[in-house]
Amino acid sequence: MNTPSSESVPVKALDPGLYIVATPIGNLGDITMRAVDVLRNVSVIACEDTRVTGKLLKAIEAKTRMQRYDDHASEDVRRRLVELAAREPVALVSDAGTPLVSDPGYRLVREARAAGVAVTSLPGPCAAVAGLTLSGLPNDRFLFAGFLPAKDKARGDVLEQLGGIDATLVFYETGPRLVRSLNAMAEAWPRREIAVAREITKLHEECRTGTPADLIRHYTAHPPKGEIVLLVGPPAEDAAVHDSDAMLRDALSEMSASKAAGKVAKLTGLDRQELYARAVEMKSQ
């Protein structure tokens, strides 16, 4: 990788404050010149893992002091960083991508703002946005929902809560948990279009789309590694309306109108009360 040399980026004194710096999610060439400038010239870099950030600093020829700051950092560490940022420039980075997007840091930003410390955000790589652009799913409206819960019931509850939202849903997931999440989606939304984006910006970047069942078959046979962006297309309302009568008839053959309406609402994202009224009408015919 060709990184900016110390001569190619203008060295200037930075004002005191907290600088939120996005870092590459895979390809080191994605770092911005502004990020290089800031990381070289702040007094300290607050980071999740000094080993990970240390590799980046070596690549950009920066010798800045690092301070570990993650979800387990104490209030005292956070207070000291805010106090330092009031006098000197301090950077906040995550291991990869944009800090605070499903990463630690929001408490530090809140306390810095409350203390009157200037906060500056340097835009850059973000896996959620990169995955959205790769997927081909509607992107005029999307909801980022972070990582799904690890436990089956909690995961199912979250999917049920989000099922009716008319937007593309964006999750982060890990390779070992991907098929379990896809199985939960197959139960909740068997007809929704799903995209799995992985190895983003790296040599083997991949974005695979299909129904949950399609993707379960593929990733059961080809277990993925690393971190993944998992995207779910919005409810296809027209198709859902077209299919809902058939789905209600199937459900009514084995359960009450109320339960049938609840089941179809969960699968399609349609209004439960409207489905219940339709189910009652169908039962009376």
# chains A, B, ... in the order shown; residues from 1 in each chain; ligands from 1
>>> residues_around(residues="Pro125 in chain A", least_positions_apart="5", cutoff="9 Å", atoms="only C-alpha atoms", output="number ranges by chain")
A: 22-25, 30-31, 96-98, 130
>>> select_by_dssp(residues="range 84-222 of chain A", states="helix (DSSP H, G or I)", output="mmCIF file with N, CA, C and O atoms, in the first residue's frame")
data_model
loop_
_atom_site.group_PDB
_atom_site.id
_atom_site.type_symbol
_atom_site.label_atom_id
_atom_site.label_comp_id
_atom_site.auth_asym_id
_atom_site.auth_seq_id
_atom_site.Cartn_x
_atom_site.Cartn_y
_atom_site.Cartn_z
ATOM 1 N N LEU A 84 -8.371 16.185 28.983
ATOM 2 C CA LEU A 84 -7.254 16.398 28.065
ATOM 3 C C LEU A 84 -7.736 17.066 26.779
ATOM 4 O O LEU A 84 -7.075 17.985 26.265
ATOM 5 N N ALA A 85 -8.887 16.627 26.274
ATOM 6 C CA ALA A 85 -9.416 17.189 25.026
ATOM 7 C C ALA A 85 -9.787 18.664 25.174
ATOM 8 O O ALA A 85 -9.853 19.385 24.179
ATOM 9 N N TYR A 106 -19.985 6.620 22.434
ATOM 10 C CA TYR A 106 -21.011 7.667 22.546
ATOM 11 C C TYR A 106 -20.983 8.351 23.910
ATOM 12 O O TYR A 106 -21.248 9.554 24.005
ATOM 13 N N ARG A 107 -20.627 7.620 24.965
ATOM 14 C CA ARG A 107 -20.548 8.260 26.285
ATOM 15 C C ARG A 107 -19.436 9.305 26.316
ATOM 16 O O ARG A 107 -19.590 10.374 26.920
ATOM 17 N N LEU A 108 -18.334 8.989 25.664
ATOM 18 C CA LEU A 108 -17.221 9.944 25.606
ATOM 19 C C LEU A 108 -17.657 11.206 24.855
ATOM 20 O O LEU A 108 -17.373 12.327 25.289
ATOM 21 N N VAL A 109 -18.351 11.043 23.754
ATOM 22 C CA VAL A 109 -18.816 12.201 22.980
ATOM 23 C C VAL A 109 -19.821 13.012 23.793
ATOM 24 O O VAL A 109 -19.754 14.246 23.833
ATOM 25 N N ARG A 110 -20.739 12.337 24.462
ATOM 26 C CA ARG A 110 -21.743 13.047 25.272
ATOM 27 C C ARG A 110 -21.077 13.869 26.371
ATOM 28 O O ARG A 110 -21.435 15.029 26.597
ATOM 29 N N GLU A 111 -20.110 13.258 27.054
ATOM 30 C CA GLU A 111 -19.464 13.966 28.156
ATOM 31 C C GLU A 111 -18.588 15.110 27.638
ATOM 32 O O GLU A 111 -18.489 16.158 28.287
ATOM 33 N N ALA A 112 -17.969 14.906 26.484
ATOM 34 C CA ALA A 112 -17.172 15.992 25.893
ATOM 35 C C ALA A 112 -18.076 17.171 25.542
ATOM 36 O O ALA A 112 -17.758 18.333 25.838
ATOM 37 N N ARG A 113 -19.207 16.898 24.929
ATOM 38 C CA ARG A 113 -20.137 17.971 24.564
ATOM 39 C C ARG A 113 -20.678 18.670 25.809
ATOM 40 O O ARG A 113 -20.809 19.891 25.843
ATOM 41 N N ALA A 114 -20.998 17.874 26.821
ATOM 42 C CA ALA A 114 -21.524 18.456 28.058
ATOM 43 C C ALA A 114 -20.494 19.359 28.732
ATOM 44 O O ALA A 114 -20.854 20.338 29.392
ATOM 45 N N ALA A 127 -18.923 0.128 7.377
ATOM 46 C CA ALA A 127 -19.340 -1.153 6.801
ATOM 47 C C ALA A 127 -20.828 -1.176 6.488
ATOM 48 O O ALA A 127 -21.247 -1.741 5.472
ATOM 49 N N ALA A 128 -21.644 -0.572 7.349
ATOM 50 C CA ALA A 128 -23.098 -0.591 7.119
ATOM 51 C C ALA A 128 -23.453 0.105 5.815
ATOM 52 O O ALA A 128 -24.260 -0.400 5.015
ATOM 53 N N VAL A 129 -22.869 1.262 5.575
ATOM 54 C CA VAL A 129 -23.160 2.018 4.353
ATOM 55 C C VAL A 129 -22.576 1.311 3.136
ATOM 56 O O VAL A 129 -23.214 1.219 2.078
ATOM 57 N N ALA A 130 -21.359 0.775 3.261
ATOM 58 C CA ALA A 130 -20.757 0.053 2.145
ATOM 59 C C ALA A 130 -21.596 -1.170 1.781
ATOM 60 O O ALA A 130 -21.822 -1.458 0.597
ATOM 61 N N GLY A 131 -22.080 -1.894 2.791
ATOM 62 C CA GLY A 131 -22.929 -3.056 2.531
ATOM 63 C C GLY A 131 -24.220 -2.669 1.842
ATOM 64 O O GLY A 131 -24.695 -3.356 0.925
ATOM 65 N N LEU A 132 -24.796 -1.557 2.256
ATOM 66 C CA LEU A 132 -26.040 -1.081 1.641
ATOM 67 C C LEU A 132 -25.823 -0.770 0.169
ATOM 68 O O LEU A 132 -26.647 -1.117 -0.686
ATOM 69 N N THR A 133 -24.716 -0.131 -0.153
ATOM 70 C CA THR A 133 -24.466 0.222 -1.548
ATOM 71 C C THR A 133 -24.187 -1.013 -2.405
ATOM 72 O O THR A 133 -24.487 -1.024 -3.597
ATOM 73 N N LEU A 134 -23.615 -2.059 -1.826
ATOM 74 C CA LEU A 134 -23.333 -3.281 -2.570
ATOM 75 C C LEU A 134 -24.577 -4.122 -2.810
ATOM 76 O O LEU A 134 -24.661 -4.859 -3.801
ATOM 77 N N SER A 135 -25.551 -4.044 -1.913
ATOM 78 C CA SER A 135 -26.656 -4.999 -1.890
ATOM 79 C C SER A 135 -27.640 -4.869 -3.040
ATOM 80 O O SER A 135 -28.294 -5.847 -3.416
ATOM 81 N N ASP A 152 -31.919 -17.152 21.002
ATOM 82 C CA ASP A 152 -32.952 -17.348 19.987
ATOM 83 C C ASP A 152 -34.208 -16.519 20.252
ATOM 84 O O ASP A 152 -34.735 -15.873 19.343
ATOM 85 N N LYS A 153 -34.713 -16.550 21.487
ATOM 86 C CA LYS A 153 -35.961 -15.831 21.769
ATOM 87 C C LYS A 153 -35.785 -14.334 21.597
ATOM 88 O O LYS A 153 -36.612 -13.655 20.984
ATOM 89 N N ALA A 154 -34.689 -13.805 22.126
ATOM 90 C CA ALA A 154 -34.441 -12.365 22.012
ATOM 91 C C ALA A 154 -34.262 -11.966 20.554
ATOM 92 O O ALA A 154 -34.748 -10.916 20.117
ATOM 93 N N ARG A 155 -33.591 -12.816 19.777
ATOM 94 C CA ARG A 155 -33.407 -12.530 18.356
ATOM 95 C C ARG A 155 -34.760 -12.502 17.649
ATOM 96 O O ARG A 155 -35.063 -11.599 16.867
ATOM 97 N N GLY A 156 -35.604 -13.500 17.946
ATOM 98 C CA GLY A 156 -36.924 -13.536 17.338
ATOM 99 C C GLY A 156 -37.772 -12.343 17.721
ATOM 100 O O GLY A 156 -38.523 -11.804 16.890
ATOM 101 N N ASP A 157 -37.665 -11.908 18.974
ATOM 102 C CA ASP A 157 -38.433 -10.735 19.425
ATOM 103 C C ASP A 157 -38.017 -9.481 18.657
ATOM 104 O O ASP A 157 -38.868 -8.672 18.272
ATOM 105 N N VAL A 158 -36.708 -9.313 18.434
ATOM 106 C CA VAL A 158 -36.231 -8.140 17.694
ATOM 107 C C VAL A 158 -36.742 -8.170 16.256
ATOM 108 O O VAL A 158 -37.211 -7.154 15.720
ATOM 109 N N LEU A 159 -36.683 -9.330 15.625
ATOM 110 C CA LEU A 159 -37.160 -9.436 14.241
ATOM 111 C C LEU A 159 -38.661 -9.140 14.164
ATOM 112 O O LEU A 159 -39.128 -8.493 13.218
ATOM 113 N N GLU A 160 -39.400 -9.594 15.155
ATOM 114 C CA GLU A 160 -40.839 -9.318 15.163
ATOM 115 C C GLU A 160 -41.096 -7.819 15.304
ATOM 116 O O GLU A 160 -41.979 -7.258 14.644
ATOM 117 N N GLN A 161 -40.324 -7.148 16.145
ATOM 118 C CA GLN A 161 -40.491 -5.702 16.331
ATOM 119 C C GLN A 161 -40.179 -4.923 15.055
ATOM 120 O O GLN A 161 -40.820 -3.918 14.752
ATOM 121 N N LEU A 162 -39.203 -5.403 14.295
ATOM 122 C CA LEU A 162 -38.750 -4.664 13.118
ATOM 123 C C LEU A 162 -39.461 -5.065 11.831
ATOM 124 O O LEU A 162 -39.323 -4.386 10.804
ATOM 125 N N GLY A 175 -19.440 -14.439 11.292
ATOM 126 C CA GLY A 175 -19.515 -15.669 10.519
ATOM 127 C C GLY A 175 -20.141 -16.840 11.272
ATOM 128 O O GLY A 175 -21.064 -17.486 10.761
ATOM 129 N N PRO A 176 -19.698 -17.132 12.499
ATOM 130 C CA PRO A 176 -20.243 -18.291 13.214
ATOM 131 C C PRO A 176 -21.737 -18.180 13.527
ATOM 132 O O PRO A 176 -22.404 -19.201 13.736
ATOM 133 N N ARG A 177 -22.273 -16.956 13.581
ATOM 134 C CA ARG A 177 -23.693 -16.783 13.944
ATOM 135 C C ARG A 177 -24.596 -16.556 12.738
ATOM 136 O O ARG A 177 -25.815 -16.468 12.889
ATOM 137 N N LEU A 178 -24.015 -16.450 11.541
ATOM 138 C CA LEU A 178 -24.808 -16.043 10.380
ATOM 139 C C LEU A 178 -25.970 -16.989 10.093
ATOM 140 O O LEU A 178 -27.114 -16.544 9.919
ATOM 141 N N VAL A 179 -25.721 -18.288 10.037
ATOM 142 C CA VAL A 179 -26.786 -19.230 9.665
ATOM 143 C C VAL A 179 -27.899 -19.224 10.698
ATOM 144 O O VAL A 179 -29.085 -19.328 10.345
ATOM 145 N N ARG A 180 -27.557 -19.067 11.972
ATOM 146 C CA ARG A 180 -28.613 -18.993 12.992
ATOM 147 C C ARG A 180 -29.500 -17.772 12.773
ATOM 148 O O ARG A 180 -30.730 -17.842 12.913
ATOM 149 N N SER A 181 -28.896 -16.648 12.430
ATOM 150 C CA SER A 181 -29.702 -15.452 12.155
ATOM 151 C C SER A 181 -30.545 -15.633 10.901
ATOM 152 O O SER A 181 -31.698 -15.217 10.849
ATOM 153 N N LEU A 182 -29.975 -16.266 9.879
ATOM 154 C CA LEU A 182 -30.744 -16.525 8.661
ATOM 155 C C LEU A 182 -31.911 -17.477 8.932
ATOM 156 O O LEU A 182 -33.000 -17.319 8.364
ATOM 157 N N ASN A 183 -31.699 -18.456 9.812
ATOM 158 C CA ASN A 183 -32.806 -19.357 10.177
ATOM 159 C C ASN A 183 -33.936 -18.594 10.855
ATOM 160 O O ASN A 183 -35.120 -18.850 10.598
ATOM 161 N N ALA A 184 -33.569 -17.653 11.734
ATOM 162 C CA ALA A 184 -34.594 -16.837 12.394
ATOM 163 C C ALA A 184 -35.333 -15.977 11.370
ATOM 164 O O ALA A 184 -36.557 -15.788 11.462
ATOM 165 N N MET A 185 -34.615 -15.451 10.397
ATOM 166 C CA MET A 185 -35.250 -14.642 9.359
ATOM 167 C C MET A 185 -36.136 -15.487 8.454
ATOM 168 O O MET A 185 -37.175 -15.030 7.972
ATOM 169 N N ALA A 186 -35.723 -16.731 8.208
ATOM 170 C CA ALA A 186 -36.543 -17.632 7.397
ATOM 171 C C ALA A 186 -37.884 -17.899 8.071
ATOM 172 O O ALA A 186 -38.923 -18.030 7.409
ATOM 173 N N GLU A 187 -37.855 -17.978 9.395
ATOM 174 C CA GLU A 187 -39.102 -18.197 10.135
ATOM 175 C C GLU A 187 -39.956 -16.939 10.152
ATOM 176 O O GLU A 187 -41.182 -16.999 10.021
ATOM 177 N N ALA A 188 -39.312 -15.793 10.309
ATOM 178 C CA ALA A 188 -40.058 -14.536 10.416
ATOM 179 C C ALA A 188 -40.480 -13.990 9.051
ATOM 180 O O ALA A 188 -41.601 -13.506 8.884
ATOM 181 N N PRO A 212 -34.052 -16.145 2.488
ATOM 182 C CA PRO A 212 -33.323 -16.761 3.606
ATOM 183 C C PRO A 212 -32.960 -18.215 3.339
ATOM 184 O O PRO A 212 -31.847 -18.647 3.650
ATOM 185 N N ALA A 213 -33.890 -18.970 2.732
ATOM 186 C CA ALA A 213 -33.612 -20.387 2.460
ATOM 187 C C ALA A 213 -32.442 -20.545 1.501
ATOM 188 O O ALA A 213 -31.582 -21.420 1.681
ATOM 189 N N ASP A 214 -32.382 -19.695 0.457
ATOM 190 C CA ASP A 214 -31.266 -19.744 -0.491
ATOM 191 C C ASP A 214 -29.932 -19.559 0.223
ATOM 192 O O ASP A 214 -28.958 -20.284 -0.021
ATOM 193 N N LEU A 215 -29.898 -18.553 1.087
ATOM 194 C CA LEU A 215 -28.642 -18.206 1.741
ATOM 195 C C LEU A 215 -28.268 -19.221 2.815
ATOM 196 O O LEU A 215 -27.084 -19.480 3.039
ATOM 197 N N ILE A 216 -29.256 -19.796 3.479
ATOM 198 C CA ILE A 216 -28.975 -20.846 4.465
ATOM 199 C C ILE A 216 -28.279 -22.021 3.788
ATOM 200 O O ILE A 216 -27.287 -22.565 4.300
ATOM 201 N N ARG A 217 -28.793 -22.426 2.622
ATOM 202 C CA ARG A 217 -28.175 -23.547 1.906
ATOM 203 C C ARG A 217 -26.722 -23.229 1.542
ATOM 204 O O ARG A 217 -25.826 -24.057 1.733
ATOM 205 N N HIS A 218 -26.495 -22.023 1.044
ATOM 206 C CA HIS A 218 -25.136 -21.672 0.606
ATOM 207 C C HIS A 218 -24.169 -21.609 1.783
ATOM 208 O O HIS A 218 -23.071 -22.210 1.728
ATOM 209 N N TYR A 219 -24.559 -20.896 2.847
ATOM 210 C CA TYR A 219 -23.606 -20.677 3.935
ATOM 211 C C TYR A 219 -23.507 -21.860 4.895
ATOM 212 O O TYR A 219 -22.555 -21.939 5.669
ATOM 213 N N THR A 220 -24.456 -22.809 4.809
ATOM 214 C CA THR A 220 -24.277 -24.066 5.530
ATOM 215 C C THR A 220 -23.184 -24.882 4.843
ATOM 216 O O THR A 220 -22.345 -25.515 5.498
ATOM 217 N N ALA A 221 -23.188 -24.838 3.512
ATOM 218 C CA ALA A 221 -22.173 -25.570 2.746
ATOM 219 C C ALA A 221 -20.838 -24.838 2.714
ATOM 220 O O ALA A 221 -19.786 -25.470 2.560
#
>>> closest_residue(among="A:Lys202, A:Arg278, A:Lys283, A:Arg249", to="Gly29 in chain A", atoms="only C-alpha atoms")
A:Lys202
>>> atom_distance(atom1="CA of Gly164 in chain A", atom2="CA of Ala195 in chain A")
18.2 Å
>>> atom_distance(atom1="CA of Ala167 in chain A", atom2="CA of Leu143 in chain A")
6.5 Å
>>> closest_residue(among="A:Ser253, A:Thr201, A:Gln285, A:Thr53", to="Cys126 in chain A", atoms="only C-alpha atoms")
A:Thr201
>>> atom_distance(atom1="CA of Lys266 in chain A", atom2="CA of Pro235 in chain A")
10.8 Å
